[in-house]
file entry-v7.cif (mmCIF, C-alpha atoms)
data_entry
#
loop_
_atom_site.label_atom_id
_atom_site.label_comp_id
_atom_site.auth_asym_id
_atom_site.auth_seq_id
_atom_site.Cartn_x
_atom_site.Cartn_y
_atom_site.Cartn_z
CA ALA A 1 -5.19 -10.10 -14.25
CA GLN A 2 -2.64 -10.07 -11.50
CA SER A 3 -3.58 -11.30 -8.05
CA VAL A 4 -1.94 -11.87 -4.72
CA THR A 5 -2.91 -14.47 -2.16
CA GLN A 6 -1.89 -14.39 1.46
CA PRO A 7 -3.29 -17.66 2.77
CA ASP A 8 -2.93 -16.83 6.45
CA ILE A 9 -5.34 -14.20 7.71
CA HIS A 10 -3.98 -14.25 11.24
CA ILE A 11 -0.78 -15.69 12.68
CA THR A 12 0.26 -15.80 16.34
CA VAL A 13 3.84 -16.47 17.34
CA SER A 14 5.72 -16.23 20.60
CA GLU A 15 8.33 -13.55 21.02
CA GLY A 16 11.68 -14.91 19.96
CA ALA A 17 10.19 -17.55 17.69
CA SER A 18 10.73 -17.64 13.97
CA LEU A 19 8.16 -16.32 11.52
CA GLU A 20 7.15 -17.08 7.98
CA LEU A 21 4.35 -15.26 6.18
CA ARG A 22 3.23 -16.75 2.92
CA CYS A 23 2.53 -14.95 -0.32
CA ASN A 24 1.59 -16.42 -3.68
CA TYR A 25 0.94 -14.44 -6.79
CA SER A 26 -0.60 -14.92 -10.16
CA TYR A 27 0.89 -12.93 -12.98
CA GLY A 28 1.76 -13.40 -16.62
CA ALA A 29 5.42 -12.56 -16.15
CA THR A 30 7.72 -12.05 -13.21
CA PRO A 31 6.44 -8.95 -11.49
CA TYR A 32 8.00 -6.63 -9.00
CA LEU A 33 7.32 -7.99 -5.51
CA PHE A 34 7.00 -6.13 -2.24
CA TRP A 35 6.30 -6.68 1.43
CA TYR A 36 4.87 -3.86 3.49
CA VAL A 37 4.03 -3.51 7.16
CA GLN A 38 1.18 -1.41 8.52
CA SER A 39 0.63 -0.51 12.15
CA PRO A 40 -2.94 0.33 13.23
CA GLY A 41 -4.16 3.57 11.70
CA GLN A 42 -0.89 4.14 9.90
CA GLY A 43 0.33 4.13 6.34
CA LEU A 44 2.52 1.44 4.84
CA GLN A 45 6.21 0.97 5.38
CA LEU A 46 8.24 -0.94 2.83
CA LEU A 47 10.05 -3.90 4.37
CA LEU A 48 11.72 -5.18 1.25
CA LYS A 49 11.32 -5.55 -2.49
CA TYR A 50 12.40 -7.83 -5.28
CA PHE A 51 13.10 -6.40 -8.69
CA SER A 52 15.75 -8.76 -10.07
CA GLY A 53 18.96 -10.55 -9.18
CA ASP A 54 19.45 -12.52 -5.98
CA THR A 55 16.21 -14.26 -5.10
CA LEU A 56 16.86 -13.94 -1.37
CA VAL A 57 16.16 -10.37 -0.43
CA GLN A 58 17.17 -8.70 2.80
CA GLY A 59 14.99 -5.98 4.24
CA ILE A 60 14.70 -3.72 7.22
CA LYS A 61 14.03 -4.83 10.79
CA GLY A 62 15.68 -8.20 10.22
CA PHE A 63 13.19 -9.42 7.63
CA GLU A 64 14.04 -11.37 4.51
CA ALA A 65 12.03 -12.85 1.68
CA GLU A 66 12.74 -15.44 -0.97
CA PHE A 67 11.39 -15.29 -4.49
CA LYS A 68 10.63 -18.72 -5.89
CA ARG A 69 9.63 -18.46 -9.50
CA SER A 70 8.61 -22.10 -9.81
CA GLN A 71 6.17 -21.73 -6.94
CA SER A 72 5.08 -18.16 -7.71
CA SER A 73 5.82 -17.36 -4.10
CA PHE A 74 7.50 -14.59 -2.16
CA ASN A 75 7.41 -15.64 1.48
CA LEU A 76 8.54 -13.32 4.24
CA ARG A 77 10.69 -14.61 7.08
CA LYS A 78 12.23 -13.44 10.29
CA PRO A 79 14.36 -15.68 12.53
CA SER A 80 13.35 -14.12 15.84
CA VAL A 81 10.21 -12.07 16.27
CA HIS A 82 10.02 -9.06 18.58
CA TRP A 83 6.86 -7.79 20.25
CA SER A 84 7.11 -4.63 18.14
CA ASP A 85 6.65 -6.72 15.01
CA ALA A 86 2.95 -7.14 15.79
CA ALA A 87 1.19 -5.46 12.85
CA GLU A 88 -0.52 -6.10 9.53
CA TYR A 89 1.66 -7.37 6.72
CA PHE A 90 0.85 -6.95 3.05
CA CYS A 91 2.41 -8.62 0.05
CA ALA A 92 2.09 -6.73 -3.22
CA VAL A 93 2.94 -7.20 -6.88
CA ALA A 94 3.35 -4.64 -9.59
CA PRO A 95 4.07 -4.83 -13.31
CA ARG A 96 7.61 -4.16 -14.42
CA THR A 97 6.28 -1.38 -16.59
CA ASN A 98 5.08 0.52 -13.52
CA ALA A 99 6.24 -0.42 -10.05
CA GLY A 100 3.77 1.99 -8.56
CA LYS A 101 0.62 0.31 -9.80
CA SER A 102 0.49 -2.36 -7.17
CA THR A 103 -2.00 -5.08 -6.38
CA PHE A 104 -2.10 -6.00 -2.72
CA GLY A 105 -2.92 -9.20 -0.92
CA ASP A 106 -5.53 -9.18 1.80
CA GLY A 107 -2.92 -8.99 4.50
CA THR A 108 -1.82 -11.14 7.42
CA THR A 109 -2.28 -9.94 10.97
CA LEU A 110 0.64 -10.89 13.18
CA THR A 111 0.13 -11.19 16.92
CA VAL A 112 3.17 -11.69 19.13
CA LYS A 113 2.73 -13.47 22.46
CA PRO A 114 5.06 -12.51 25.31
CA GLY B 1 14.37 10.96 2.33
CA ALA B 2 11.25 10.08 0.33
CA VAL B 3 8.68 11.34 2.81
CA VAL B 4 5.03 11.65 1.87
CA SER B 5 2.57 13.53 4.02
CA GLN B 6 -1.21 13.63 4.03
CA HIS B 7 -3.53 16.24 5.44
CA PRO B 8 -5.73 15.96 7.32
CA SER B 9 -5.00 12.76 9.19
CA ARG B 10 -8.62 12.51 10.29
CA VAL B 11 -11.74 14.26 9.07
CA ILE B 12 -15.40 14.01 9.91
CA CYS B 13 -17.92 15.52 7.56
CA LYS B 14 -21.66 15.53 7.15
CA SER B 15 -23.39 13.58 4.46
CA GLY B 16 -23.74 15.61 1.28
CA THR B 17 -20.71 17.80 1.84
CA SER B 18 -17.35 17.60 0.09
CA VAL B 19 -13.97 17.01 1.65
CA LYS B 20 -10.48 17.50 0.25
CA ILE B 21 -7.46 15.40 1.18
CA GLU B 22 -3.95 16.57 0.32
CA CYS B 23 -0.98 14.39 -0.47
CA ARG B 24 2.47 15.97 -0.56
CA SER B 25 5.90 14.63 -1.38
CA LEU B 26 8.11 16.57 1.01
CA ASP B 27 11.62 15.95 -0.25
CA PHE B 28 11.27 14.76 -3.81
CA GLN B 29 9.33 15.49 -6.94
CA ALA B 30 6.61 13.01 -7.69
CA THR B 31 5.58 12.77 -11.29
CA THR B 32 3.06 10.11 -10.35
CA MET B 33 0.88 9.75 -7.30
CA PHE B 34 -1.56 7.01 -6.46
CA TRP B 35 -4.68 7.02 -4.35
CA TYR B 36 -5.78 3.93 -2.46
CA ARG B 37 -8.77 3.14 -0.33
CA GLN B 38 -8.67 0.72 2.55
CA PHE B 39 -11.70 -0.64 4.36
CA PRO B 40 -11.32 -1.88 7.95
CA LYS B 41 -9.41 -5.14 8.17
CA GLN B 42 -9.07 -5.24 4.40
CA SER B 43 -6.46 -4.66 1.79
CA LEU B 44 -5.69 -1.54 -0.20
CA MET B 45 -7.60 -0.97 -3.39
CA LEU B 46 -6.07 1.27 -6.02
CA MET B 47 -8.53 4.01 -6.92
CA ALA B 48 -6.61 6.12 -9.40
CA THR B 49 -3.25 7.10 -10.79
CA SER B 50 -2.46 10.79 -10.88
CA ASN B 51 0.15 12.33 -13.16
CA GLU B 52 1.30 15.90 -12.79
CA GLY B 53 -0.41 18.18 -15.23
CA SER B 54 -2.77 15.62 -16.71
CA LYS B 55 -6.05 13.97 -15.91
CA ALA B 56 -6.08 11.12 -13.46
CA THR B 57 -6.63 7.57 -14.60
CA TYR B 58 -9.29 5.82 -12.58
CA GLU B 59 -9.55 2.12 -11.90
CA GLN B 60 -12.62 0.25 -13.01
CA GLY B 61 -15.58 0.85 -10.74
CA VAL B 62 -14.29 4.11 -9.25
CA GLU B 63 -16.57 7.08 -9.91
CA LYS B 64 -14.40 9.85 -11.29
CA ASP B 65 -17.08 12.47 -10.70
CA LYS B 66 -17.27 11.53 -7.06
CA PHE B 67 -13.57 11.22 -6.37
CA LEU B 68 -11.96 14.24 -7.98
CA ILE B 69 -8.20 14.06 -8.25
CA ASN B 70 -5.95 16.97 -9.07
CA HIS B 71 -2.17 16.78 -9.43
CA ALA B 72 -1.35 20.43 -9.85
CA SER B 73 2.35 20.29 -9.05
CA LEU B 74 5.18 17.81 -8.73
CA THR B 75 4.74 17.74 -4.97
CA LEU B 76 0.99 17.93 -4.47
CA SER B 77 -2.02 15.82 -5.37
CA THR B 78 -5.48 16.28 -3.92
CA LEU B 79 -8.43 13.93 -3.62
CA THR B 80 -11.83 15.55 -3.20
CA VAL B 81 -14.70 13.35 -2.15
CA THR B 82 -17.79 15.12 -3.45
CA SER B 83 -21.27 14.77 -1.98
CA ALA B 84 -19.96 12.37 0.58
CA HIS B 85 -22.11 9.55 1.92
CA PRO B 86 -21.56 7.27 4.91
CA GLU B 87 -20.41 4.48 2.57
CA ASP B 88 -17.50 6.71 1.56
CA SER B 89 -16.14 6.44 5.08
CA SER B 90 -12.79 4.76 4.77
CA PHE B 91 -9.04 5.09 5.16
CA TYR B 92 -7.55 6.85 2.16
CA ILE B 93 -3.85 6.42 1.49
CA CYS B 94 -1.77 8.14 -1.15
CA SER B 95 1.60 7.17 -2.49
CA ALA B 96 4.14 8.93 -4.65
CA GLN B 97 6.60 7.75 -7.21
CA THR B 98 9.58 9.52 -8.72
CA GLY B 99 10.04 9.96 -12.43
CA THR B 100 11.31 6.46 -13.10
CA LEU B 101 8.45 4.04 -13.54
CA GLY B 102 10.55 1.26 -12.13
CA ASP B 103 10.79 3.06 -8.84
CA GLU B 104 8.98 1.91 -5.79
CA GLN B 105 6.21 4.03 -4.31
CA TYR B 106 6.38 5.87 -1.03
CA PHE B 107 3.24 5.89 1.07
CA GLY B 108 1.64 8.63 3.08
CA PRO B 109 0.31 7.99 6.59
CA GLY B 110 -3.32 7.90 5.45
CA THR B 111 -6.46 9.93 6.11
CA ARG B 112 -9.38 8.54 8.07
CA LEU B 113 -12.63 9.89 6.61
CA THR B 114 -15.85 9.51 8.54
CA VAL B 115 -19.09 10.66 6.97
CA THR B 116 -21.98 11.11 9.38
#

call {"tool": "encode", "arguments": {"input": "entry-v7.cif", "output": "structure tokens"}}
result
Amino acid sequence: AQSVTQPDIHITVSEGASLELRCNYSYGATPYLFWYVQSPGQGLQLLLKYFSGDTLVQGIKGFEAEFKRSQSSFNLRKPSVHWSDAAEYFCAVAPRTNAGKSTFGDGTTLTVKP
Amino acid sequence: GAVVSQHPSRVICKSGTSVKIECRSLDFQATTMFWYRQFPKQSLMLMATSNEGSKATYEQGVEKDKFLINHASLTLSTLTVTSAHPEDSSFYICSAQTGTLGDEQYFGPGTRLTVT
């Protein structure tokens, strides 16, 4: 069965500092990989996705993620965090046969200090 | 493009009653819609996959008689929570996918259900 692990439940960074959110997955083959952001009481917004090709993926709001097959990881990064980035971040995987049937990690809560 | 709406955004109902949540794709046709449940401070759990014109496929452990899903058109899926109990209180999120299975899913804003 596929699974997603986000080791960090809560991360606090200062505004302007760099950010890395970790995501590891367990899956029989290379899945589709996603990062979503969720503000309190809201739905999910897709930040970026990896289907194939370049393993460094650029997303919205200045985020990027790198797929590392050897480490089964898909870590999310941002060089300079803004206060508005404070939210819940979810990593998700889905089979290549159906990108919609996603399994989500438990999420990482990002707090941004002024 | 690719906007998904949910109605209502919040609903409070009494224990034992039923409540219907609508999920609409506003600017595209969604052959497949998904229903998720999210408990406070937790991740999303896929409840069921809904295909237009056919019966929904439920994930293991989800009671299909309690969570009735109807996907009557290419732009509308409904989730009805029947005989609701306080433990059904949760945040329900739908998502929609276009005809290509390789497509990503687009999420609705969620519905907060509180059962008193």

call {"tool": "resolve_selection", "arguments": {"input": "entry-v7.cif", "expression": "the PyMOL selection byres ((chain B and resi 55-57) around 10)", "output": "list in words"}}
result
Thr32, Met33, Phe34, Met47, Ala48, Thr49, Ser50, Asn51, Glu52, Gly53, Ser54, Tyr58, Glu59, Gln60, Val62, Lys64, Leu68, Ile69, Asn70 and His71 of chain B

call {"tool": "closest_residue", "arguments": {"input": "entry-v7.cif", "among": "B:Ser89, B:Ser9, B:Thr116, B:Ser95", "to": "Tyr36 of chain B", "atoms": "only C-alpha atoms"}}
result
B:Ser95

call {"tool": "closest_residue", "arguments": {"input": "entry-v7.cif", "among": "B:Ser43, B:Ser15, B:Thr111, B:Thr80", "to": "Ile93 of chain B", "atoms": "all atoms listed in the file"}}
result
B:Thr111

call {"tool": "resolve_selection", "arguments": {"input": "entry-v7.cif", "expression": "the PyMOL selection byres ((chain B) within 7 of (chain A))", "output": "VMD selection string"}}
result
chain B and resid 42 to 44 93 97 101 to 105 107 to 110

call {"tool": "closest_residue", "arguments": {"input": "entry-v7.cif", "among": "A:Ser18, A:Ser84, A:Arg69, A:Pro114", "to": "Pro31 of chain A", "atoms": "only C-alpha atoms"}}
result
A:Arg69

call {"tool": "closest_residue", "arguments": {"input": "entry-v7.cif", "among": "B:Lys66, B:Val11, B:Tyr106, B:Lys41", "to": "Leu26 of chain B", "atoms": "all atoms listed in the file"}}
result
B:Tyr106

call {"tool": "atom_distance", "arguments": {"input": "entry-v7.cif", "atom1": "atom CA of Leu76 of chain A", "atom2": "atom CA of Glu20 of chain A"}}
result
5.5 Å

call {"tool": "decode", "arguments": {"input": "entry-v7.cif", "residues": "segment 85-96 of chain A", "atoms": "all heavy atoms", "output": "short mmCIF file (atom, residue, chain, number, x, y, z; two decimals), in the first residue's frame"}}
result
data_model
loop_
_atom_site.label_atom_id
_atom_site.label_comp_id
_atom_site.auth_asym_id
_atom_site.auth_seq_id
_atom_site.Cartn_x
_atom_site.Cartn_y
_atom_site.Cartn_z
N ASP A 85 2.83 32.79 4.07
CA ASP A 85 3.04 31.37 3.81
C ASP A 85 2.63 30.50 5.00
O ASP A 85 2.59 29.26 4.88
CB ASP A 85 4.51 31.09 3.49
CG ASP A 85 4.94 31.71 2.16
OD1 ASP A 85 4.11 31.74 1.23
OD2 ASP A 85 6.10 32.16 2.07
N ALA A 86 2.33 31.10 6.13
CA ALA A 86 1.90 30.34 7.29
C ALA A 86 0.62 29.58 6.96
O ALA A 86 -0.39 30.17 6.58
CB ALA A 86 1.67 31.27 8.48
N ALA A 87 0.66 28.27 7.07
CA ALA A 87 -0.47 27.42 6.67
C ALA A 87 -0.11 25.97 6.96
O ALA A 87 0.94 25.67 7.53
CB ALA A 87 -0.78 27.60 5.18
N GLU A 88 -0.98 25.08 6.53
CA GLU A 88 -0.74 23.64 6.62
C GLU A 88 -0.33 23.15 5.24
O GLU A 88 -0.95 23.52 4.24
CB GLU A 88 -2.01 22.92 7.06
CG GLU A 88 -1.85 21.45 7.36
CD GLU A 88 -1.32 21.19 8.76
OE1 GLU A 88 -1.30 22.14 9.57
OE2 GLU A 88 -0.95 20.03 9.06
N TYR A 89 0.71 22.34 5.20
CA TYR A 89 1.22 21.84 3.93
C TYR A 89 1.10 20.32 3.88
O TYR A 89 1.51 19.63 4.82
CB TYR A 89 2.67 22.27 3.73
CG TYR A 89 2.81 23.75 3.50
CD1 TYR A 89 2.80 24.65 4.56
CD2 TYR A 89 2.92 24.26 2.20
CE1 TYR A 89 2.88 26.02 4.35
CE2 TYR A 89 3.01 25.64 1.99
CZ TYR A 89 2.99 26.50 3.07
OH TYR A 89 3.08 27.85 2.86
N PHE A 90 0.55 19.84 2.78
CA PHE A 90 0.35 18.40 2.62
C PHE A 90 1.10 17.91 1.39
O PHE A 90 0.99 18.48 0.31
CB PHE A 90 -1.13 18.07 2.45
CG PHE A 90 -1.95 18.29 3.68
CD1 PHE A 90 -2.67 19.45 3.86
CD2 PHE A 90 -2.00 17.31 4.68
CE1 PHE A 90 -3.43 19.66 5.00
CE2 PHE A 90 -2.76 17.51 5.82
CZ PHE A 90 -3.47 18.69 5.98
N CYS A 91 1.81 16.81 1.57
CA CYS A 91 2.40 16.08 0.47
C CYS A 91 1.45 14.93 0.12
O CYS A 91 0.82 14.35 1.02
CB CYS A 91 3.76 15.54 0.91
SG CYS A 91 4.64 14.59 -0.33
N ALA A 92 1.34 14.61 -1.14
CA ALA A 92 0.43 13.54 -1.54
C ALA A 92 1.03 12.75 -2.68
O ALA A 92 1.81 13.28 -3.48
CB ALA A 92 -0.93 14.11 -1.95
N VAL A 93 0.66 11.48 -2.75
CA VAL A 93 1.06 10.62 -3.86
C VAL A 93 -0.18 10.01 -4.48
O VAL A 93 -1.19 9.84 -3.81
CB VAL A 93 2.03 9.50 -3.41
CG1 VAL A 93 3.28 10.08 -2.78
CG2 VAL A 93 1.35 8.54 -2.46
N ALA A 94 -0.08 9.68 -5.73
CA ALA A 94 -1.19 9.05 -6.41
C ALA A 94 -0.63 8.09 -7.46
O ALA A 94 0.45 8.33 -8.02
CB ALA A 94 -2.09 10.08 -7.09
N PRO A 95 -1.35 7.02 -7.73
CA PRO A 95 -0.87 6.09 -8.75
C PRO A 95 -0.92 6.72 -10.13
O PRO A 95 -1.77 7.57 -10.41
CB PRO A 95 -1.84 4.91 -8.64
CG PRO A 95 -3.07 5.49 -8.05
CD PRO A 95 -2.62 6.60 -7.15
N ARG A 96 -0.04 6.29 -11.00
CA ARG A 96 -0.03 6.82 -12.35
C ARG A 96 -1.26 6.40 -13.15
O ARG A 96 -1.54 6.98 -14.20
CB ARG A 96 1.25 6.39 -13.06
CG ARG A 96 2.46 7.11 -12.51
CD ARG A 96 3.75 6.74 -13.20
NE ARG A 96 4.81 7.64 -12.71
CZ ARG A 96 5.13 8.78 -13.31
NH1 ARG A 96 4.52 9.15 -14.42
NH2 ARG A 96 6.07 9.56 -12.80
#
